[in-house]
Every structure is written in C-alpha cells, then in structure tokens.
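J.: For reference, this is model.txt, and it has compact mmCIF, C-alpha atoms.
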# COMPACT_ATOMS: atom_id res chain seq x y z
CA MET A 1 -148.69 83.28 156.48
CA ALA A 2 -146.80 83.46 153.20
CA LEU A 3 -143.07 82.80 153.07
CA PRO A 4 -140.71 85.60 152.06
CA LYS A 5 -140.73 85.92 148.27
CA ARG A 6 -137.17 84.74 147.54
CA LEU A 7 -137.53 81.76 149.86
CA GLN A 8 -140.81 80.79 148.20
CA GLU A 9 -139.25 81.16 144.75
CA ALA A 10 -136.32 78.93 145.73
CA LEU A 11 -138.67 76.26 147.09
CA ASP A 12 -140.84 76.46 143.98
CA LEU A 13 -137.76 75.93 141.82
CA ILE A 14 -136.70 72.88 143.83
CA ARG A 15 -140.26 71.53 143.86
CA ALA A 16 -140.48 71.71 140.06
CA MET A 17 -137.33 69.66 139.46
CA PRO A 18 -136.93 65.92 139.20
CA LYS A 19 -135.22 64.29 142.18
CA GLU A 20 -131.85 63.92 140.44
CA LEU A 21 -131.71 67.65 139.66
CA LYS A 22 -132.77 68.72 143.15
CA ALA A 23 -129.44 67.51 144.53
CA GLN A 24 -127.57 69.57 141.94
CA VAL A 25 -129.57 72.70 142.79
CA LEU A 26 -128.86 72.17 146.48
CA LEU A 27 -125.15 71.94 145.74
CA GLU A 28 -125.38 75.30 143.97
CA TYR A 29 -126.83 76.80 147.16
CA ALA A 30 -123.95 75.25 149.13
CA ARG A 31 -121.43 77.00 146.86
CA LYS A 32 -123.04 80.38 147.57
CA VAL A 33 -122.36 80.34 151.33
CA PRO A 34 -119.52 82.78 152.04
CA THR A 35 -117.18 82.37 154.97
CA PRO A 36 -118.20 84.74 157.79
CA PRO A 37 -115.97 87.74 158.32
CA PRO A 38 -113.59 87.71 161.31
CA GLY A 39 -115.19 88.77 164.57
CA VAL A 40 -118.68 87.39 163.90
CA GLU A 41 -119.64 85.29 166.90
CA LEU A 42 -121.34 82.14 165.67
CA GLU A 43 -123.56 79.80 167.65
CA ARG A 44 -123.47 76.04 167.15
CA VAL A 45 -126.64 74.17 166.28
CA HIS A 46 -126.12 71.23 168.66
CA GLU A 47 -129.14 69.34 167.34
CA CYS A 48 -127.40 68.98 163.98
CA GLN A 49 -124.94 66.07 163.71
CA THR A 50 -122.71 68.11 161.41
CA PRO A 51 -120.77 71.02 162.93
CA PHE A 52 -123.17 73.80 161.91
CA PHE A 53 -122.60 77.34 163.16
CA LEU A 54 -124.76 80.36 162.46
CA ARG A 55 -125.50 83.93 163.36
CA ALA A 56 -128.47 86.18 162.65
CA GLU A 57 -128.20 89.92 163.17
CA VAL A 58 -130.66 92.71 162.52
CA GLU A 59 -129.13 95.67 160.68
CA GLU A 60 -131.04 98.64 159.29
CA GLY A 61 -134.36 96.80 159.45
CA GLY A 62 -133.12 93.65 157.69
CA VAL A 63 -131.78 90.32 158.84
CA ARG A 64 -128.17 89.49 158.05
CA LEU A 65 -127.15 85.82 158.15
CA TYR A 66 -123.78 84.14 158.63
CA PHE A 67 -123.05 80.43 158.41
CA LEU A 68 -120.07 78.18 158.89
CA VAL A 69 -120.45 74.59 157.71
CA PRO A 70 -117.65 72.22 156.65
CA HIS A 71 -117.24 71.64 152.92
CA GLU A 72 -117.52 67.92 153.70
CA ALA A 73 -121.20 68.47 154.60
CA PRO A 74 -122.69 69.69 151.31
CA THR A 75 -126.34 69.02 152.19
CA VAL A 76 -126.13 70.99 155.44
CA LYS A 77 -124.22 73.75 153.68
CA ALA A 78 -126.90 73.72 150.96
CA PHE A 79 -129.59 74.28 153.57
CA ALA A 80 -127.55 77.21 154.93
CA GLY A 81 -127.33 78.56 151.39
CA LEU A 82 -131.07 78.19 150.92
CA LEU A 83 -131.72 80.11 154.13
CA LYS A 84 -129.24 82.82 153.13
CA GLU A 85 -130.76 83.12 149.66
CA GLY A 86 -134.31 83.21 150.96
CA LEU A 87 -134.00 85.26 154.15
CA GLU A 88 -131.01 87.61 153.84
CA GLY A 89 -132.17 91.22 154.07
CA GLU A 90 -135.77 90.34 154.97
CA PRO A 91 -137.48 92.24 157.78
CA PRO A 92 -137.20 90.48 161.15
CA GLU A 93 -140.96 89.86 161.25
CA ALA A 94 -140.77 87.95 157.96
CA VAL A 95 -137.96 85.74 159.26
CA LEU A 96 -139.79 85.12 162.52
CA SER A 97 -142.91 84.02 160.65
CA VAL A 98 -141.19 81.18 158.73
CA PRO A 99 -142.34 77.82 160.11
CA PRO A 100 -139.52 75.38 160.96
CA THR A 101 -140.93 72.91 158.43
CA PHE A 102 -141.09 75.50 155.64
CA TYR A 103 -139.32 73.10 153.26
CA GLN A 104 -142.14 70.53 153.28
CA GLY A 105 -143.62 69.97 149.88
CA ALA A 106 -140.48 71.05 148.00
CA GLY A 107 -139.22 67.48 147.83
CA LEU A 108 -136.30 67.87 150.21
CA GLU A 109 -137.70 64.91 152.15
CA GLU A 110 -136.69 62.77 149.15
CA LEU A 111 -133.04 63.76 149.58
CA LEU A 112 -132.53 64.19 153.32
CA THR A 113 -133.07 61.81 156.22
CA PRO A 114 -135.57 62.67 158.98
CA LEU A 115 -132.66 63.11 161.41
CA ARG A 116 -130.99 65.61 159.07
CA LEU A 117 -134.29 67.47 158.59
CA ARG A 118 -134.76 67.77 162.37
CA GLY A 119 -131.30 69.30 162.64
CA LEU A 120 -132.15 71.75 159.90
CA GLU A 121 -135.40 72.66 161.64
CA ALA A 122 -133.34 73.36 164.75
CA ALA A 123 -131.18 75.71 162.66
CA ILE A 124 -134.13 77.90 161.59
CA LEU A 125 -135.39 77.94 165.18
CA ARG A 126 -131.94 79.02 166.39
CA LEU A 127 -131.84 81.80 163.78
CA GLN A 128 -135.27 82.98 164.83
CA ALA A 129 -134.24 83.01 168.50
CA GLN A 130 -131.25 85.18 167.60
CA VAL A 131 -133.46 87.56 165.61
CA GLN A 132 -135.90 87.75 168.54
CA ARG A 133 -133.03 88.56 170.94
CA ALA A 134 -131.76 91.25 168.58
CA LEU A 135 -135.18 92.90 168.67
CA SER A 136 -135.38 92.85 172.48
Please lay out the structure from this file as structure tokens.
T.:
Amino acid sequence: MALPKRLQEALDLIRAMPKELKAQVLLEYARKVPTPPPGVELERVHECQTPFFLRAEVEEGGVRLYFLVPHEAPTVKAFAGLLKEGLEGEPPEAVLSVPPTFYQGAGLEELLTPLRLRGLEAAILRLQAQVQRALS
C-alpha cells in the first residue's frame, strides 16, 4: 500500500540528499514539533531510550498528533516531526496502513543506530494503537 502523500514526499526529499544534508533536514523537522497544549494526555514510548511521549487522536475524520521530546534529543524529535509532517490530518485508515519500517530506503539507516530505529518503530506502532483505540 502507498504511504500518505506528504510522508512519501518527505521521504523522497531525504532520500535524494547526500548524507551530510540529511541530518540538516532532520533537524528542520525537529524544529517544527510544537509543544502539546495543556491537558493532552501523552503516552510514553518505553522502547525508546529517550523520553519520548506521544498522543494520536481522531478528530473530524483526521488524525491529530502530539509529541513531547526533549530538545537534547534532536534525532528523536526529528522523527516526531517527520511523523507530524507526514501523517497529521490524514484519515485513520491511512495512518494505520503505514508499515513500522516505512523509513527504509530513505537513508535514515545511515544516520541512526539500529537501537534508535527500533525505538522509532515502536513509536509508530504506539501511534497506530492509539488511532485504533480511538476508532473502537
């Protein structure tokens, strides 16, 4: 199944860049992650070594995403930004269809350790579980 359009476009952009520019693009995604508003209950991704909290809600047929990641963890925050950029507002079915290894082939494996990538896969799975619960 095809990835949501904005997520695919972001991955295509990263894929097309040399390794040294990929890190800069990821940092741009990290800067785009807003602080969640008060009252949003976040869930910790325990599989991630970095304190990584997230929330997925379904509102008016689209998925709304919230993330809280320390500024001292720019790569994890960048992944949160990539998810927000690529999945915010998408229909729940589109978010649920994203494979946990959706990033493969974009060159993120050059920048992130396997342990970090497993934590990030856990994050997308946690988001999808929240979306599934919201639909139930």
J.: Suppose you want the space between CA of Val95 (chain A) and CA of Gln128 (chain A); what is it in Å?
T.: 6.8 Å
J.: Could you please determine the separation between CA of Glu59 (chain A) and CA of Gly89 (chain A) in Å, to one decimal place?
T.: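 According to the coordinates, CA of Glu59 (chain A) and CA of Gly89 (chain A) are separated by 8.5 Å.
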J.: Neighbouring residues of Arg44 (chain A) were defined as those with any atom within 6 Å, considering all atoms listed in the file; residues of the same chain fewer than 2 positions away were excluded. Please report them as a ChimeraX atom specification.
T.: /A:46,52-53
J.: Please identify all polymer residues within 12 Å of region 22-28 of chain A, counting all atoms listed in the file, omitting same-chain residues fewer than 3 positions from it, and present them as a PDB file with C-alpha atoms, in the frame of the given file.
T.:
ATOM      1  CA  ALA A  10    -136.320  78.930 145.730  1.00  0.00           C
ATOM      2  CA  LEU A  11    -138.670  76.260 147.090  1.00  0.00           C
ATOM      3  CA  ASP A  12    -140.840  76.460 143.980  1.00  0.00           C
ATOM      4  CA  LEU A  13    -137.760  75.930 141.820  1.00  0.00           C
ATOM      5  CA  ILE A  14    -136.700  72.880 143.830  1.00  0.00           C
ATOM      6  CA  ARG A  15    -140.260  71.530 143.860  1.00  0.00           C
ATOM      7  CA  ALA A  16    -140.480  71.710 140.060  1.00  0.00           C
ATOM      8  CA  MET A  17    -137.330  69.660 139.460  1.00  0.00           C
ATOM      9  CA  PRO A  18    -136.930  65.920 139.200  1.00  0.00           C
ATOM     10  CA  LYS A  19    -135.220  64.290 142.180  1.00  0.00           C
ATOM     11  CA  ARG A  31    -121.430  77.000 146.860  1.00  0.00           C
ATOM     12  CA  LYS A  32    -123.040  80.380 147.570  1.00  0.00           C
ATOM     13  CA  VAL A  33    -122.360  80.340 151.330  1.00  0.00           C
ATOM     14  CA  HIS A  71    -117.240  71.640 152.920  1.00  0.00           C
ATOM     15  CA  GLU A  72    -117.520  67.920 153.700  1.00  0.00           C
ATOM     16  CA  ALA A  73    -121.200  68.470 154.600  1.00  0.00           C
ATOM     17  CA  PRO A  74    -122.690  69.690 151.310  1.00  0.00           C
ATOM     18  CA  THR A  75    -126.340  69.020 152.190  1.00  0.00           C
ATOM     19  CA  VAL A  76    -126.130  70.990 155.440  1.00  0.00           C
ATOM     20  CA  LYS A  77    -124.220  73.750 153.680  1.00  0.00           C
ATOM     21  CA  ALA A  78    -126.900  73.720 150.960  1.00  0.00           C
ATOM     22  CA  PHE A  79    -129.590  74.280 153.570  1.00  0.00           C
ATOM     23  CA  ALA A  80    -127.550  77.210 154.930  1.00  0.00           C
ATOM     24  CA  GLY A  81    -127.330  78.560 151.390  1.00  0.00           C
ATOM     25  CA  LEU A  82    -131.070  78.190 150.920  1.00  0.00           C
ATOM     26  CA  LEU A  83    -131.720  80.110 154.130  1.00  0.00           C
ATOM     27  CA  GLU A  85    -130.760  83.120 149.660  1.00  0.00           C
ATOM     28  CA  ALA A 106    -140.480  71.050 148.000  1.00  0.00           C
ATOM     29  CA  GLY A 107    -139.220  67.480 147.830  1.00  0.00           C
ATOM     30  CA  LEU A 108    -136.300  67.870 150.210  1.00  0.00           C
ATOM     31  CA  GLU A 109    -137.700  64.910 152.150  1.00  0.00           C
ATOM     32  CA  GLU A 110    -136.690  62.770 149.150  1.00  0.00           C
ATOM     33  CA  LEU A 111    -133.040  63.760 149.580  1.00  0.00           C
ATOM     34  CA  LEU A 112    -132.530  64.190 153.320  1.00  0.00           C
TER      35      LEU A 112
END
J.: What separation in Å, quoted to one decimal, exists between CA of Gly39 (chain A) and CA of Pro92 (chain A)?
T.: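 Separating CA of Gly39 (chain A) from CA of Pro92 (chain A) is a distance of 22.3 Å.
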J.: Nearest residue to Gln49 (chain A) out of A:Lys84, A:Arg118, A:Arg64, A:Arg6, using all atoms listed in the file?
T.: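 Nearest to Gln49 (chain A): A:Arg118.
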J.: Can you list, as a list in words, every protein, DNA or RNA residue that comes within 12 Å of Leu42 (chain A) when you count all atoms listed in the file, leaving out same-chain residues fewer than 2 positions away?
T.: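 Everything that qualifies: Thr35, Pro36, Pro37, Pro38, Gly39, Val40, Arg44, Val45, Pro51, Phe52, Phe53, Leu54, Arg55, Ala56, Glu57, Leu65, Tyr66, Phe67, Leu68, Val69, Arg126, Leu127 and Gln130 of chain A.
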J.: From the options A:Val98, A:Leu117, A:Leu21, A:Leu87, which residue's atoms come nearest to Leu3 (chain A), counting all atoms listed in the file?
T.: A:Val98
J.: Nearest to Glu60 (chain A) among A:Glu47, A:Glu9, A:Glu90, A:Glu41, with distances taken over all atoms listed in the file: which residue is it?
T.: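 Looking at the shortest contact to Glu60 (chain A), the residue is A:Glu90.
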